[in-house]
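J.: Would you mind keeping the following structure in view while I ask a few things?
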Amino acid sequence: MNFLKKQKHTIIILFLVLLNFIIKGIYLSSNSLAGDEPFSVYHAQMSIASIIQLLSLGNNPPLYEILLHFWIKIFGISELSVRVPSLIFSCITVLFIYKIGIKYLNNRIALYASLIFIFSNYHISLAHEARAYALLGMLTAISMYYFMGIIYDYKTNAKSDSNNRFNYKGISKYIILAVVNTLLIYTHYFGFFALIVQFLFSIFNLQFLRKNWKKMLLCMGIIVLLYVPNISVFFKRFIESSSGTWVPPVKNLGHLFEQIFFFSNENKFLFITIIAVLSAAIGKLFYHLQLNKYIKGLFLFLLIPLFFITAYSIFFQIPFIWKLTSNPFYFIPFTPLILCINLIWVLCKDKIKNYQWQTTFIVFWFVFIFSFMFIVSFRIPMFLDRYLMTAAIAFPLVIGISVDYLIRKPKYELIIPIVVILLFVLTVKPNITNKRDVKETVAKIKELKTNTTIVYFCPEWFDLNFVYYYNRLYFMDYDDKNIKNKIYHHLHSENIFPISNHNQIDINLIKHMDKIIYLDVAADFHYPKNNIKKELDVRYNLKNEYKFYEIFNVYEYELN
């Protein structure tokens, strides 16, 4: 019994990691390899030098593909194999979420946050992807754990280490933080937001900065030194992305609350429960703040209720409020106001009863990244679910803190946490779809195709998705100099042609065929004036049409 008590946290951690592995791993290969996954897998087959060179031309730093390169050398490129690393990253993430809770908050919050993370459909979907986002989440959690460790050591030893000399004690944490943060920004450019949060929180704690500026400078110096090879690429990508991306700009508050809805397992009841919990926690906080009674009244009786009503109106229509959320005079100042509330909490920390810097940091971490990316997305669109991973790691911790903060009486303190966690458990979807039935679509085309069939698909960049399921050997026959030269050679040899508009339809070649198959992968969205189907409809007889979830349409034409 004594042994179990001593090893309690080890047993809990092992249970949580195992539970996470089962929930997120049981359907790991159920979805087709789709979207950008084939892009990562295809490039990961190449040499390290080729990966770095080719990815420098796009929006993806190379760390994930480099790690995947070594993985697939051993385990191959099946759907299951290439997704296992993301599952492993997710398991390590839950470990560090629990460690953050257990070391810097309390046992209850550690457990609440870990369970919310495990039963989050958002995190399940990204653990099922052969992409960099699960790695981004893991490194964010590790980075914040070590940063909080540095702040914790300062708070603990502040009195005993009052001078400003360079203290080598604890320097290893700064070096580890520097290395982890470097890996973070080599994984995804949005990893910089985690570094910005740490920098700003250090600025807000000037006493900490005064005593530890040399160590922080050392940390920054290591990051800069290690990131030198990618600095020019980063600035080039930043300048190009500033002119616009494929992500649509945000237009109203609906986009903001839709992301919270997505984090809430896309369940309206859970969404409203979370909004209610957050509103109540903020209300309790401001009630205990030693502020001017009129300012306090403004927050308690106007701004916080308005936040809840606005969130409620997004999915449960309240006509007047609904109009306000689309009104620029309402939604433009709304998010900056959330940031201001967050900053007031940080700056007024000395006036908060039973103040805990750990709670302040975690809430600031989530609110700053989430709100800032939303505000920026009016000009430079970036407010996309997966791009918010650095904030999404903090979300379970924020919910855990909130449900633990609301009721402190022993008889009732578990009621709200149990309700919230139970709602996550009841709404979880371990077999969540990626809405891309590539495997089934390509299988139908192979079934319909004969030696005298010509196949077109649009857009042309769907080629890697297509080839992965059409012929795995073609996919593995990569060319790290002429990137897709061999793939196109194989496709053309079987009369399969990626195209982007109707002018690329070869009428002379079709004369020697008996059938045309056209695969439309949301072609009108990517190329609004492609006119491919319109041209085929005019010239040939549409025999059959096959639809596959969510955006795949296969059209079978007979020649006149």
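Ordered as shown in the structure tokens, chains take letters A, B, and onward, while each chain numbers its residues from 1 and ligands are numbered from 1 in the order shown.
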Among the residues of segment 345-544 of chain A, find those DSSP assigns to alpha helix (DSSP H) from the backbone and print them as number ranges by chain.

T.: A: 345-347, 357-376, 389-392, 394-406, 415-427, 438-448, 463-470, 472-476, 485-493, 507-510, 523-526, 532-539

J.: Atoms to include: C-alpha atoms. Write the selected residues as a tab-separated table (two decimals), in the first residue's frame.

T.:
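So the final result, stored in out19.tsv, reads:
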```
chain	number	residue	atom	x	y	z
A	345	TRP	CA	-5.18	40.19	-14.84
A	346	VAL	CA	-1.44	39.98	-15.52
A	347	LEU	CA	-0.66	43.58	-14.54
A	357	TRP	CA	1.45	33.28	-11.20
A	358	GLN	CA	1.06	29.81	-12.74
A	359	THR	CA	-2.63	30.36	-13.44
A	360	THR	CA	-1.96	33.83	-14.81
A	361	PHE	CA	0.68	32.50	-17.19
A	362	ILE	CA	-1.43	29.65	-18.56
A	363	VAL	CA	-4.46	31.88	-19.17
A	364	PHE	CA	-2.23	34.53	-20.76
A	365	TRP	CA	-0.64	31.82	-22.93
A	366	PHE	CA	-4.01	30.75	-24.34
A	367	VAL	CA	-5.75	34.12	-24.60
A	368	PHE	CA	-2.84	35.99	-26.16
A	369	ILE	CA	-2.17	33.50	-28.97
A	370	PHE	CA	-5.84	32.81	-29.64
A	371	SER	CA	-6.90	36.49	-29.66
A	372	PHE	CA	-3.83	37.83	-31.43
A	373	MET	CA	-4.09	35.34	-34.30
A	374	PHE	CA	-7.78	36.22	-34.66
A	375	ILE	CA	-7.11	39.96	-34.80
A	376	VAL	CA	-4.24	39.59	-37.29
A	389	MET	CA	-2.09	24.25	-31.89
A	390	THR	CA	0.20	26.36	-29.69
A	391	ALA	CA	-2.92	27.82	-28.05
A	392	ALA	CA	-4.88	24.56	-28.14
A	394	ALA	CA	-3.24	25.51	-23.16
A	395	PHE	CA	-7.01	25.11	-23.63
A	396	PRO	CA	-7.42	21.92	-21.50
A	397	LEU	CA	-5.33	23.56	-18.76
A	398	VAL	CA	-7.48	26.72	-18.86
A	399	ILE	CA	-10.65	24.62	-18.57
A	400	GLY	CA	-9.07	22.57	-15.78
A	401	ILE	CA	-8.12	25.73	-13.89
A	402	SER	CA	-11.60	27.21	-14.36
A	403	VAL	CA	-13.59	24.18	-13.18
A	404	ASP	CA	-11.30	23.82	-10.17
A	405	TYR	CA	-11.55	27.53	-9.29
A	406	LEU	CA	-15.33	27.89	-9.28
A	415	ILE	CA	-19.48	18.52	-9.46
A	416	ILE	CA	-18.47	20.91	-12.25
A	417	PRO	CA	-15.26	19.04	-13.24
A	418	ILE	CA	-17.15	15.75	-13.47
A	419	VAL	CA	-19.87	17.33	-15.64
A	420	VAL	CA	-17.36	18.91	-18.05
A	421	ILE	CA	-15.16	15.81	-18.33
A	422	LEU	CA	-18.18	13.56	-18.72
A	423	LEU	CA	-19.41	15.76	-21.60
A	424	PHE	CA	-16.03	15.39	-23.30
A	425	VAL	CA	-16.16	11.62	-22.82
A	426	LEU	CA	-19.72	11.38	-24.19
A	427	THR	CA	-18.95	13.50	-27.26
A	438	VAL	CA	-9.30	9.30	-51.28
A	439	LYS	CA	-8.82	5.55	-51.04
A	440	GLU	CA	-12.43	4.77	-52.01
A	441	THR	CA	-12.40	7.37	-54.78
A	442	VAL	CA	-9.23	6.08	-56.42
A	443	ALA	CA	-10.45	2.49	-56.05
A	444	LYS	CA	-13.59	3.39	-58.04
A	445	ILE	CA	-11.47	4.97	-60.79
A	446	LYS	CA	-9.28	1.85	-60.98
A	447	GLU	CA	-12.45	-0.24	-61.23
A	448	LEU	CA	-13.83	1.86	-64.10
A	463	ASP	CA	-1.35	14.08	-57.75
A	464	LEU	CA	0.38	12.78	-54.59
A	465	ASN	CA	-2.94	11.85	-53.00
A	466	PHE	CA	-3.98	10.07	-56.18
A	467	VAL	CA	-0.71	8.20	-56.79
A	468	TYR	CA	-0.41	6.98	-53.20
A	469	TYR	CA	-3.55	4.86	-53.70
A	470	TYR	CA	-3.32	4.29	-57.43
A	472	ARG	CA	2.28	2.72	-54.23
A	473	LEU	CA	5.37	1.86	-56.31
A	474	TYR	CA	4.90	5.03	-58.38
A	475	PHE	CA	4.70	7.03	-55.15
A	476	MET	CA	7.92	5.47	-53.85
A	485	ASN	CA	9.03	14.15	-62.90
A	486	LYS	CA	8.87	10.38	-62.39
A	487	ILE	CA	5.33	10.49	-61.01
A	488	TYR	CA	4.06	12.40	-64.04
A	489	HIS	CA	5.90	10.01	-66.35
A	490	HIS	CA	4.15	7.02	-64.71
A	491	LEU	CA	0.73	8.72	-64.81
A	492	HIS	CA	1.04	9.81	-68.41
A	493	SER	CA	2.07	6.28	-69.42
A	507	ILE	CA	-9.02	16.21	-77.93
A	508	ASN	CA	-6.72	14.34	-80.32
A	509	LEU	CA	-5.70	11.81	-77.67
A	510	ILE	CA	-9.31	11.27	-76.64
A	523	ALA	CA	-12.07	22.08	-58.74
A	524	ASP	CA	-14.37	25.11	-58.92
A	525	PHE	CA	-13.18	26.25	-55.49
A	526	HIS	CA	-9.50	26.09	-56.44
A	532	ILE	CA	-13.44	21.38	-67.30
A	533	LYS	CA	-16.75	19.71	-66.56
A	534	LYS	CA	-18.59	22.20	-68.73
A	535	GLU	CA	-16.34	21.34	-71.68
A	536	LEU	CA	-16.72	17.59	-71.13
A	537	ASP	CA	-20.51	17.88	-70.80
A	538	VAL	CA	-20.74	19.68	-74.13
A	539	ARG	CA	-18.54	17.26	-76.05
```

J.: Can you tell me, as a PyMOL selection string, what residues are no more than 12 Å from Ile77 of chain A when counting only C-alpha atoms, ignoring any on the same chain fewer than 4 positions away?

T.: chain A and resi 29+33+37-38+40-45+68-73+81-85+130+468-469+472-473+475-476

J.: Keeping only N, CA and C atoms, write the selected residues as a PDB file, in the first residue's frame.

T.:
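selection_25.pdb was written with the following content:
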```
ATOM      1  N   SER A  29      -5.515   4.207 -38.586  1.00  0.00           N
ATOM      2  CA  SER A  29      -5.397   4.053 -40.043  1.00  0.00           C
ATOM      3  C   SER A  29      -6.744   3.986 -40.749  1.00  0.00           C
ATOM      4  N   LEU A  33      -5.040   8.438 -46.314  1.00  0.00           N
ATOM      5  CA  LEU A  33      -3.950   9.405 -46.268  1.00  0.00           C
ATOM      6  C   LEU A  33      -4.328  10.509 -47.247  1.00  0.00           C
ATOM      7  N   GLU A  37      -0.949  15.194 -46.102  1.00  0.00           N
ATOM      8  CA  GLU A  37      -0.197  14.043 -45.578  1.00  0.00           C
ATOM      9  C   GLU A  37       0.703  13.409 -46.652  1.00  0.00           C
ATOM     10  N   PRO A  38       0.182  13.115 -47.861  1.00  0.00           N
ATOM     11  CA  PRO A  38       1.067  12.539 -48.887  1.00  0.00           C
ATOM     12  C   PRO A  38       2.251  13.448 -49.218  1.00  0.00           C
ATOM     13  N   SER A  40       3.946  15.327 -47.065  1.00  0.00           N
ATOM     14  CA  SER A  40       4.969  15.079 -46.044  1.00  0.00           C
ATOM     15  C   SER A  40       5.638  13.726 -46.246  1.00  0.00           C
ATOM     16  N   VAL A  41       4.843  12.704 -46.515  1.00  0.00           N
ATOM     17  CA  VAL A  41       5.389  11.353 -46.675  1.00  0.00           C
ATOM     18  C   VAL A  41       6.280  11.280 -47.908  1.00  0.00           C
ATOM     19  N   TYR A  42       5.837  11.860 -49.018  1.00  0.00           N
ATOM     20  CA  TYR A  42       6.601  11.828 -50.259  1.00  0.00           C
ATOM     21  C   TYR A  42       7.965  12.484 -50.077  1.00  0.00           C
ATOM     22  N   HIS A  43       7.970  13.693 -49.469  1.00  0.00           N
ATOM     23  CA  HIS A  43       9.229  14.405 -49.273  1.00  0.00           C
ATOM     24  C   HIS A  43      10.120  13.708 -48.247  1.00  0.00           C
ATOM     25  N   ALA A  44       9.498  13.067 -47.265  1.00  0.00           N
ATOM     26  CA  ALA A  44      10.275  12.389 -46.214  1.00  0.00           C
ATOM     27  C   ALA A  44      11.076  11.210 -46.759  1.00  0.00           C
ATOM     28  N   GLN A  45      10.720  10.705 -47.936  1.00  0.00           N
ATOM     29  CA  GLN A  45      11.466   9.602 -48.550  1.00  0.00           C
ATOM     30  C   GLN A  45      12.827  10.054 -49.064  1.00  0.00           C
ATOM     31  N   LEU A  68      10.374  12.008 -39.855  1.00  0.00           N
ATOM     32  CA  LEU A  68       9.608  11.001 -40.584  1.00  0.00           C
ATOM     33  C   LEU A  68      10.499  10.227 -41.553  1.00  0.00           C
ATOM     34  N   HIS A  69      11.508  10.897 -42.091  1.00  0.00           N
ATOM     35  CA  HIS A  69      12.458  10.251 -43.004  1.00  0.00           C
ATOM     36  C   HIS A  69      13.084   9.023 -42.354  1.00  0.00           C
ATOM     37  N   PHE A  70      13.573   9.185 -41.131  1.00  0.00           N
ATOM     38  CA  PHE A  70      14.221   8.062 -40.440  1.00  0.00           C
ATOM     39  C   PHE A  70      13.196   7.002 -40.022  1.00  0.00           C
ATOM     40  N   TRP A  71      11.993   7.459 -39.688  1.00  0.00           N
ATOM     41  CA  TRP A  71      10.945   6.519 -39.270  1.00  0.00           C
ATOM     42  C   TRP A  71      10.559   5.587 -40.415  1.00  0.00           C
ATOM     43  N   ILE A  72      10.303   6.156 -41.601  1.00  0.00           N
ATOM     44  CA  ILE A  72       9.820   5.320 -42.705  1.00  0.00           C
ATOM     45  C   ILE A  72      10.921   4.449 -43.289  1.00  0.00           C
ATOM     46  N   LYS A  73      12.167   4.800 -43.030  1.00  0.00           N
ATOM     47  CA  LYS A  73      13.263   3.917 -43.441  1.00  0.00           C
ATOM     48  C   LYS A  73      13.141   2.559 -42.750  1.00  0.00           C
ATOM     49  N   SER A  81       1.748   3.213 -40.379  1.00  0.00           N
ATOM     50  CA  SER A  81       3.141   3.491 -40.040  1.00  0.00           C
ATOM     51  C   SER A  81       3.431   4.984 -39.952  1.00  0.00           C
ATOM     52  N   VAL A  82       3.024   5.738 -40.970  1.00  0.00           N
ATOM     53  CA  VAL A  82       3.409   7.155 -41.012  1.00  0.00           C
ATOM     54  C   VAL A  82       2.648   8.002 -39.992  1.00  0.00           C
ATOM     55  N   ARG A  83       1.572   7.454 -39.414  1.00  0.00           N
ATOM     56  CA  ARG A  83       0.814   8.204 -38.413  1.00  0.00           C
ATOM     57  C   ARG A  83       1.217   7.870 -36.972  1.00  0.00           C
ATOM     58  N   VAL A  84       1.930   6.775 -36.793  1.00  0.00           N
ATOM     59  CA  VAL A  84       2.350   6.394 -35.438  1.00  0.00           C
ATOM     60  C   VAL A  84       3.196   7.483 -34.766  1.00  0.00           C
ATOM     61  N   PRO A  85       4.124   8.164 -35.469  1.00  0.00           N
ATOM     62  CA  PRO A  85       4.867   9.237 -34.798  1.00  0.00           C
ATOM     63  C   PRO A  85       3.958  10.302 -34.191  1.00  0.00           C
ATOM     64  N   ALA A 130      -0.404  12.453 -40.501  1.00  0.00           N
ATOM     65  CA  ALA A 130       1.043  12.395 -40.737  1.00  0.00           C
ATOM     66  C   ALA A 130       1.519  13.787 -41.128  1.00  0.00           C
ATOM     67  N   TYR A 468      -0.622   7.803 -54.388  1.00  0.00           N
ATOM     68  CA  TYR A 468      -0.414   6.978 -53.200  1.00  0.00           C
ATOM     69  C   TYR A 468      -1.345   5.775 -53.213  1.00  0.00           C
ATOM     70  N   TYR A 469      -2.588   5.972 -53.676  1.00  0.00           N
ATOM     71  CA  TYR A 469      -3.553   4.862 -53.698  1.00  0.00           C
ATOM     72  C   TYR A 469      -3.670   4.198 -55.066  1.00  0.00           C
ATOM     73  N   ARG A 472       1.323   2.359 -55.287  1.00  0.00           N
ATOM     74  CA  ARG A 472       2.277   2.723 -54.235  1.00  0.00           C
ATOM     75  C   ARG A 472       3.722   2.735 -54.755  1.00  0.00           C
ATOM     76  N   LEU A 473       4.021   1.896 -55.747  1.00  0.00           N
ATOM     77  CA  LEU A 473       5.373   1.862 -56.307  1.00  0.00           C
ATOM     78  C   LEU A 473       5.691   3.158 -57.043  1.00  0.00           C
ATOM     79  N   PHE A 475       4.506   6.051 -56.217  1.00  0.00           N
ATOM     80  CA  PHE A 475       4.696   7.028 -55.146  1.00  0.00           C
ATOM     81  C   PHE A 475       6.104   6.909 -54.559  1.00  0.00           C
ATOM     82  N   MET A 476       6.603   5.699 -54.442  1.00  0.00           N
ATOM     83  CA  MET A 476       7.921   5.467 -53.847  1.00  0.00           C
ATOM     84  C   MET A 476       9.055   5.752 -54.828  1.00  0.00           C
TER      85      MET A 476
END
```

J.: Just want the 10 Å neighbourhood of Leu115 of chain A, counted on only C-alpha atoms, with same-chain residues fewer than 2 positions away dropped. Output as a PyMOL selection string.

T.: chain A and resi 16+19-20+94+97-98+109-113+117-120+396+400+421-422+424-425

J.: Using only C-alpha atoms, which of A:Leu519, A:Leu55, A:Leu136, A:Ile116 sits nearest Asn230 of chain A?

T.: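 Counting only C-alpha atoms, the residue closest to Asn230 of chain A is A:Leu55.
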
J.: Check the smallest atom-to-atom distance from each of A:Met216, A:Val428, A:Leu209, A:Ile338 to Leu177 of chain A using only C-alpha atoms, then report the winner.

T.: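 For Leu177 of chain A, the nearest of the given residues is A:Met216.
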
J.: Out of A:Tyr146, A:Trp461, A:Phe383, A:Tyr122, which residue has the shortest atom-to-atom distance to Phe96 of chain A when counting only C-alpha atoms?

T.: A:Tyr146

J.: Report, in Å with one decimal, the straight-line distance from atom CA of Ser264 of chain A to atom CA of Arg386 of chain A.

T.: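 That distance, rounded to one decimal, is 14.5 Å.
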
J.: Give me the residues near Ile272 of chain A as a list of chain:residue names, where near means some atom within 12 Å (using only C-alpha atoms) and where sequence neighbours in that chain fewer than 6 positions away do not count.

T.: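 The residues satisfying every condition are A:Phe257, A:Glu258, A:Ile260, A:Phe261, A:Phe263, A:Ser264, A:Asn265, A:Glu266, A:Leu278, A:Ser279, A:Ala280, A:Phe307, A:Phe308, A:Ile309, A:Thr310, A:Ala311, A:Tyr312, A:Ser313, A:Ile314, A:Phe315, A:Phe316, A:Val420, A:Leu423.
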
J.: Write the residues of the preceding selection, restricted to N, CA and C atoms, as an mmCIF file, in the first residue's frame.

T.:
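File written: again.cif
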```cif
data_model
loop_
_atom_site.group_PDB
_atom_site.id
_atom_site.type_symbol
_atom_site.label_atom_id
_atom_site.label_comp_id
_atom_site.auth_asym_id
_atom_site.auth_seq_id
_atom_site.Cartn_x
_atom_site.Cartn_y
_atom_site.Cartn_z
ATOM 1 N N PHE A 257 -15.664 32.149 -32.164
ATOM 2 C CA PHE A 257 -16.364 31.182 -31.328
ATOM 3 C C PHE A 257 -16.495 29.817 -32.004
ATOM 4 N N GLU A 258 -16.413 29.786 -33.336
ATOM 5 C CA GLU A 258 -16.422 28.495 -34.022
ATOM 6 C C GLU A 258 -15.186 27.679 -33.670
ATOM 7 N N ILE A 260 -13.614 27.839 -30.708
ATOM 8 C CA ILE A 260 -13.880 27.311 -29.364
ATOM 9 C C ILE A 260 -14.877 26.156 -29.459
ATOM 10 N N PHE A 261 -15.845 26.286 -30.348
ATOM 11 C CA PHE A 261 -16.802 25.208 -30.602
ATOM 12 C C PHE A 261 -16.078 23.955 -31.097
ATOM 13 N N PHE A 263 -12.923 23.208 -30.463
ATOM 14 C CA PHE A 263 -12.209 22.686 -29.295
ATOM 15 C C PHE A 263 -13.159 21.971 -28.333
ATOM 16 N N SER A 264 -14.461 22.261 -28.447
ATOM 17 C CA SER A 264 -15.476 21.674 -27.559
ATOM 18 C C SER A 264 -16.151 20.471 -28.213
ATOM 19 N N ASN A 265 -15.389 19.738 -29.018
ATOM 20 C CA ASN A 265 -15.872 18.522 -29.690
ATOM 21 C C ASN A 265 -17.062 18.772 -30.604
ATOM 22 N N GLU A 266 -17.190 20.019 -31.066
ATOM 23 C CA GLU A 266 -18.267 20.409 -31.981
ATOM 24 C C GLU A 266 -19.636 19.992 -31.436
ATOM 25 N N LEU A 278 -16.172 29.383 -18.197
ATOM 26 C CA LEU A 278 -15.183 30.449 -18.372
ATOM 27 C C LEU A 278 -15.732 31.789 -17.890
ATOM 28 N N SER A 279 -16.987 32.089 -18.236
ATOM 29 C CA SER A 279 -17.606 33.352 -17.820
ATOM 30 C C SER A 279 -17.714 33.428 -16.299
ATOM 31 N N ALA A 280 -18.125 32.339 -15.688
ATOM 32 C CA ALA A 280 -18.273 32.310 -14.226
ATOM 33 C C ALA A 280 -16.916 32.453 -13.547
ATOM 34 N N PHE A 307 -20.094 38.843 -23.030
ATOM 35 C CA PHE A 307 -19.239 37.798 -23.610
ATOM 36 C C PHE A 307 -20.026 36.490 -23.712
ATOM 37 N N PHE A 308 -20.737 36.119 -22.651
ATOM 38 C CA PHE A 308 -21.493 34.865 -22.657
ATOM 39 C C PHE A 308 -22.634 34.916 -23.674
ATOM 40 N N ILE A 309 -23.386 36.021 -23.684
ATOM 41 C CA ILE A 309 -24.532 36.146 -24.590
ATOM 42 C C ILE A 309 -24.064 36.123 -26.045
ATOM 43 N N THR A 310 -22.937 36.777 -26.315
ATOM 44 C CA THR A 310 -22.393 36.784 -27.678
ATOM 45 C C THR A 310 -22.027 35.370 -28.118
ATOM 46 N N ALA A 311 -21.346 34.643 -27.248
ATOM 47 C CA ALA A 311 -20.976 33.259 -27.567
ATOM 48 C C ALA A 311 -22.220 32.400 -27.767
ATOM 49 N N TYR A 312 -23.208 32.583 -26.916
ATOM 50 C CA TYR A 312 -24.453 31.819 -27.001
ATOM 51 C C TYR A 312 -25.156 32.078 -28.331
ATOM 52 N N SER A 313 -25.110 33.332 -28.776
ATOM 53 C CA SER A 313 -25.860 33.723 -29.972
ATOM 54 C C SER A 313 -25.283 33.146 -31.256
ATOM 55 N N ILE A 314 -24.032 32.681 -31.221
ATOM 56 C CA ILE A 314 -23.412 32.151 -32.435
ATOM 57 C C ILE A 314 -24.132 30.904 -32.917
ATOM 58 N N PHE A 315 -24.548 30.048 -31.975
ATOM 59 C CA PHE A 315 -25.190 28.786 -32.343
ATOM 60 C C PHE A 315 -26.655 28.704 -31.905
ATOM 61 N N PHE A 316 -27.058 29.600 -31.021
ATOM 62 C CA PHE A 316 -28.454 29.657 -30.582
ATOM 63 C C PHE A 316 -28.920 31.082 -30.838
ATOM 64 N N VAL A 420 -18.106 18.505 -16.849
ATOM 65 C CA VAL A 420 -17.361 18.910 -18.046
ATOM 66 C C VAL A 420 -16.616 17.719 -18.650
ATOM 67 N N LEU A 423 -18.937 15.274 -20.299
ATOM 68 C CA LEU A 423 -19.408 15.759 -21.598
ATOM 69 C C LEU A 423 -18.354 15.513 -22.683
#
```

J.: Interatomic distance between atom CA of Phe234 of chain A and atom CA of Ile171 of chain A?

T.: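 Between atom CA of Phe234 of chain A and atom CA of Ile171 of chain A the gap is 28.6 Å.
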
J.: With distances taken over only C-alpha atoms, which residue among A:Phe457, A:Tyr387, A:Phe21, A:Tyr152 lies nearest Leu95 of chain A?

T.: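 Checking each of A:Phe457, A:Tyr387, A:Phe21, A:Tyr152 against Leu95 of chain A, counting only C-alpha atoms, the winner is A:Phe21.
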